[in-house]
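Peer 1: Supplied in structure tokens, the structure appears directly below.
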Amino acid sequence: AGAKSSPAVVGVFDGHGELGHRVSAFVVDKLRPELRGAAEEGPQLTARTLSRKVSASFDKTNRLLGQSGIDVRHSGSTACTAQVNGTELVVANVGDSRAVIGRWDPQSNSCVASDLSQDHKPDSETEHRRITKTGGRIAPMHVPGHGFVGPARVWDRSQRFGLATSRAFGDTTHSAANGGSVIAEPEVTLHKLSDDDRVVVLGTDGVWDRLTSQEAVSIAARYAHDPKVASEHIAREAKRRWEAVGPVRDDITAVVLRLDAGGAQGAGADLARIQEGTR
């Protein structure tokens with residue numbers, strides 16, 4: 001679990017493939033200082049300039065990963081980060097993790113969820129359009145005697161390897177350089193903070209495959225006085241729902257960022273992680 005000191009940057013990173021744990025650790029190690037450097041410059045930068053710096057940080061990290069010696073042909077990692085720049089919240093996402101904000105609604109007397117990122121699934125409207133425009137193929141895995149099973153996947157040029165997320169660090173077999181459609185370019189979202197913004201929840205797809213954005217925000221708001229407790233409750237509820245449907249579950253990581261009145265002043269964050277799963 002992380003500390004409750006006001007973080008400049010928070011994020012979740014979900015590795016996949018045989019060496020996914022090494023890839024995600026590498027991405028955290030290299031991307032975090034890049035983003036922190038951008039955050040320290042933040043007050044002197046416009047939100048748009050900070051957005052460009054964040055994108056450049058992702059690109060630099062992916063290039064360094066390719067030079068790291070880690071075999072990333074069939075291994076990679078997602079990344080979803082959030083950082084505060086004055087009254088702006090800057091969210092960057094690569095992959096199928098997600099960032100959600102909870103805004104207080106006086107009419108319903110509750111926090112209402114609003115997604116700050118798009119899940120990069122191969123069959124999402126925008127990703128499907130991007131991939132097929134360049135000749136990429138999207139389809140679930142085909143099992144002889146059973147037909148198509150599982151989630152939609154984007155396939156490499158050989159049509160032998162399918163990936164269930166359309167953006168990721170690594171996964172060079174699926175990269176544009178090898179004729180594939182998987183990219184590490186983040187989608188960056190700028191959100192103007194207000195006094196009604198109370199919590200931000202970041203989670204890997206192991207959370208969102210079992211909880212809706214609203215359910216996660218409602219849990220976070222209920223325990224917002226302690227982000228560590230809030231993140232643990234989200235992770236445990238996702239784990240409980242995975243176990244209710246079978247023995248297999250995905251890795252689960254949740255981060256809760258508390259926003260005090262006026263935006264990020266005195267914000268606190270913590271995370272809960274449940275591993276042992278499969279991707």
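In the structure tokens, each chain is lettered A, B, ... as it comes, each chain's residues begin at 1, and ligands are numbered from 1 in order of appearance.
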Please provide the set of residues having any atom within 12 Å of Ser110 of chain A, restricted to only C-alpha atoms, with same-chain residues fewer than 2 positions apart removed, written as a PyMOL selection string.

Peer 2: chain A and resi 102-108+112-113+196-199+214-215+217-222

Peer 1: Could you go through segment 54-243 of chain A and tell me which residues DSSP, when run on the backbone, assigns to strand (DSSP E), listing them as a PyMOL selection string?

Peer 2: chain A and resi 76-85+88-94+98-105+110-115+138-143+147-155+162-163+169-170+187-192+197-203

Peer 1: If you count only C-alpha atoms, which residues fall within 10 Å of Val23 of chain A, apart from same-chain ones fewer than 4 positions away, as a JSON list (two decimals) with C-alpha atoms, in the first residue's frame?

Peer 2:
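This went into selection_16.json:
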```
[["chain", "number", "residue", "atom", "x", "y", "z"],
["A", 13, "PHE", "CA", -0.14, -0.77, -14.21],
["A", 14, "ASP", "CA", -1.31, -4.21, -15.32],
["A", 15, "GLY", "CA", 1.24, -6.57, -16.84],
["A", 16, "HIS", "CA", 0.29, -9.43, -19.13],
["A", 17, "GLY", "CA", 2.13, -12.28, -20.80],
["A", 18, "GLU", "CA", 4.91, -14.44, -19.38],
["A", 19, "LEU", "CA", 7.08, -11.43, -18.45],
["A", 27, "VAL", "CA", 7.18, 0.94, -16.81],
["A", 28, "VAL", "CA", 6.50, 2.10, -13.25],
["A", 29, "ASP", "CA", 10.24, 2.64, -12.63],
["A", 62, "ASN", "CA", 8.03, 2.48, -24.38],
["A", 65, "LEU", "CA", 11.39, -0.75, -22.68],
["A", 68, "SER", "CA", 15.79, -2.92, -21.83],
["A", 70, "ILE", "CA", 13.25, -7.73, -21.54],
["A", 71, "ASP", "CA", 11.63, -9.99, -24.14],
["A", 72, "VAL", "CA", 8.50, -7.99, -24.93],
["A", 75, "SER", "CA", 4.53, -9.48, -22.93],
["A", 76, "GLY", "CA", 3.37, -5.99, -22.08],
["A", 77, "SER", "CA", 1.60, -3.71, -19.63],
["A", 78, "THR", "CA", -1.25, -1.26, -19.48],
["A", 169, "PHE", "CA", 3.58, -0.99, -23.60],
["A", 170, "GLY", "CA", 5.65, -3.77, -25.17],
["A", 171, "ASP", "CA", 3.85, -6.51, -27.13]]
```

Peer 1: Residues of segment 162-223 of chain A that approach segment 88-92 of chain A to 9 Å or less, counting only C-alpha atoms: could you list each one with the shortest pair of atoms and its distance in Å to one decimal, rows by chain and increasing residue number, as CSV?

Peer 2:
```
residue,atom,partner,partner_atom,distance
A:Pro186,CA,A:Ala92,CA,5.7
A:Glu187,CA,A:Ala92,CA,5.6
A:Val188,CA,A:Ala92,CA,4.4
A:Thr189,CA,A:Val91,CA,5.1
A:Leu190,CA,A:Val90,CA,4.9
A:His191,CA,A:Leu89,CA,5.0
A:Lys192,CA,A:Glu88,CA,4.7
A:Leu193,CA,A:Glu88,CA,5.6
```

Peer 1: Go ahead and write the residues just picked, all heavy atoms, as a PDB file, in the first residue's frame.

Peer 2:
```pdb
ATOM      1  N   PRO A 186      -0.849   7.164 -25.471  1.00  0.00           N
ATOM      2  CA  PRO A 186      -1.928   7.345 -24.499  1.00  0.00           C
ATOM      3  C   PRO A 186      -3.021   8.273 -25.015  1.00  0.00           C
ATOM      4  O   PRO A 186      -2.764   9.163 -25.831  1.00  0.00           O
ATOM      5  CB  PRO A 186      -1.213   7.989 -23.305  1.00  0.00           C
ATOM      6  CG  PRO A 186      -0.115   8.793 -23.939  1.00  0.00           C
ATOM      7  CD  PRO A 186       0.344   7.975 -25.127  1.00  0.00           C
ATOM      8  N   GLU A 187      -4.214   8.037 -24.544  1.00  0.00           N
ATOM      9  CA  GLU A 187      -5.279   9.025 -24.695  1.00  0.00           C
ATOM     10  C   GLU A 187      -5.235   9.884 -23.439  1.00  0.00           C
ATOM     11  O   GLU A 187      -5.327   9.363 -22.325  1.00  0.00           O
ATOM     12  CB  GLU A 187      -6.639   8.354 -24.848  1.00  0.00           C
ATOM     13  CG  GLU A 187      -6.889   7.794 -26.225  1.00  0.00           C
ATOM     14  CD  GLU A 187      -8.331   7.409 -26.446  1.00  0.00           C
ATOM     15  OE1 GLU A 187      -8.907   6.741 -25.572  1.00  0.00           O
ATOM     16  OE2 GLU A 187      -8.880   7.771 -27.500  1.00  0.00           O
ATOM     17  N   VAL A 188      -5.070  11.180 -23.618  1.00  0.00           N
ATOM     18  CA  VAL A 188      -4.931  12.102 -22.492  1.00  0.00           C
ATOM     19  C   VAL A 188      -6.203  12.926 -22.358  1.00  0.00           C
ATOM     20  O   VAL A 188      -6.686  13.506 -23.331  1.00  0.00           O
ATOM     21  CB  VAL A 188      -3.709  13.026 -22.674  1.00  0.00           C
ATOM     22  CG1 VAL A 188      -3.565  13.962 -21.481  1.00  0.00           C
ATOM     23  CG2 VAL A 188      -2.438  12.205 -22.866  1.00  0.00           C
ATOM     24  N   THR A 189      -6.748  12.936 -21.145  1.00  0.00           N
ATOM     25  CA  THR A 189      -7.984  13.662 -20.856  1.00  0.00           C
ATOM     26  C   THR A 189      -7.709  14.753 -19.834  1.00  0.00           C
ATOM     27  O   THR A 189      -7.019  14.514 -18.835  1.00  0.00           O
ATOM     28  CB  THR A 189      -9.050  12.704 -20.294  1.00  0.00           C
ATOM     29  OG1 THR A 189      -9.260  11.633 -21.210  1.00  0.00           O
ATOM     30  CG2 THR A 189     -10.366  13.431 -20.060  1.00  0.00           C
ATOM     31  N   LEU A 190      -8.227  15.941 -20.081  1.00  0.00           N
ATOM     32  CA  LEU A 190      -8.116  17.057 -19.141  1.00  0.00           C
ATOM     33  C   LEU A 190      -9.472  17.291 -18.499  1.00  0.00           C
ATOM     34  O   LEU A 190     -10.475  17.459 -19.191  1.00  0.00           O
ATOM     35  CB  LEU A 190      -7.647  18.321 -19.860  1.00  0.00           C
ATOM     36  CG  LEU A 190      -6.349  18.213 -20.663  1.00  0.00           C
ATOM     37  CD1 LEU A 190      -6.044  19.532 -21.358  1.00  0.00           C
ATOM     38  CD2 LEU A 190      -5.192  17.790 -19.767  1.00  0.00           C
ATOM     39  N   HIS A 191      -9.497  17.285 -17.170  1.00  0.00           N
ATOM     40  CA  HIS A 191     -10.740  17.504 -16.431  1.00  0.00           C
ATOM     41  C   HIS A 191     -10.581  18.706 -15.510  1.00  0.00           C
ATOM     42  O   HIS A 191      -9.667  18.745 -14.683  1.00  0.00           O
ATOM     43  CB  HIS A 191     -11.097  16.268 -15.607  1.00  0.00           C
ATOM     44  CG  HIS A 191     -12.290  16.455 -14.715  1.00  0.00           C
ATOM     45  ND1 HIS A 191     -13.592  16.354 -15.169  1.00  0.00           N
ATOM     46  CD2 HIS A 191     -12.368  16.743 -13.394  1.00  0.00           C
ATOM     47  CE1 HIS A 191     -14.423  16.576 -14.157  1.00  0.00           C
ATOM     48  NE2 HIS A 191     -13.708  16.815 -13.072  1.00  0.00           N
ATOM     49  N   LYS A 192     -11.434  19.684 -15.659  1.00  0.00           N
ATOM     50  CA  LYS A 192     -11.412  20.876 -14.798  1.00  0.00           C
ATOM     51  C   LYS A 192     -12.021  20.526 -13.449  1.00  0.00           C
ATOM     52  O   LYS A 192     -13.198  20.173 -13.349  1.00  0.00           O
ATOM     53  CB  LYS A 192     -12.215  22.008 -15.457  1.00  0.00           C
ATOM     54  CG  LYS A 192     -12.139  23.327 -14.712  1.00  0.00           C
ATOM     55  CD  LYS A 192     -10.789  23.994 -14.908  1.00  0.00           C
ATOM     56  CE  LYS A 192     -10.783  25.423 -14.351  1.00  0.00           C
ATOM     57  NZ  LYS A 192      -9.456  26.053 -14.519  1.00  0.00           N
ATOM     58  N   LEU A 193     -11.209  20.613 -12.402  1.00  0.00           N
ATOM     59  CA  LEU A 193     -11.678  20.252 -11.065  1.00  0.00           C
ATOM     60  C   LEU A 193     -12.568  21.334 -10.477  1.00  0.00           C
ATOM     61  O   LEU A 193     -12.375  22.525 -10.717  1.00  0.00           O
ATOM     62  CB  LEU A 193     -10.490  20.011 -10.139  1.00  0.00           C
ATOM     63  CG  LEU A 193      -9.637  18.776 -10.448  1.00  0.00           C
ATOM     64  CD1 LEU A 193      -8.342  18.814  -9.644  1.00  0.00           C
ATOM     65  CD2 LEU A 193     -10.410  17.508 -10.161  1.00  0.00           C
TER      66      LEU A 193
END
```

Peer 1: Kindly indicate which residue among A:Ala47, A:Ala177, A:Val200, A:Ala184 lies nearest to Val94 of chain A, using only C-alpha atoms for the distances.

Peer 2: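 The answer is A:Ala184, which sits nearest to Val94 of chain A.
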
Peer 1: Please extract the residues of segment 29-69 of chain A with a backbone DSSP assignment of alpha helix (DSSP H) and present them as number ranges by chain.

Peer 2: A: 29-41, 47-66

Peer 1: Please report the interatomic distance between atom CA of Ser114 of chain A and atom CA of Val84 of chain A in Å with one decimal.

Peer 2: 17.1 Å

Peer 1: May I ask for the distance between atom CA of Ala224 of chain A and atom CA of Cys111 of chain A, given in Å to one decimal place?

Peer 2: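 Those two atoms sit 10.9 Å apart.
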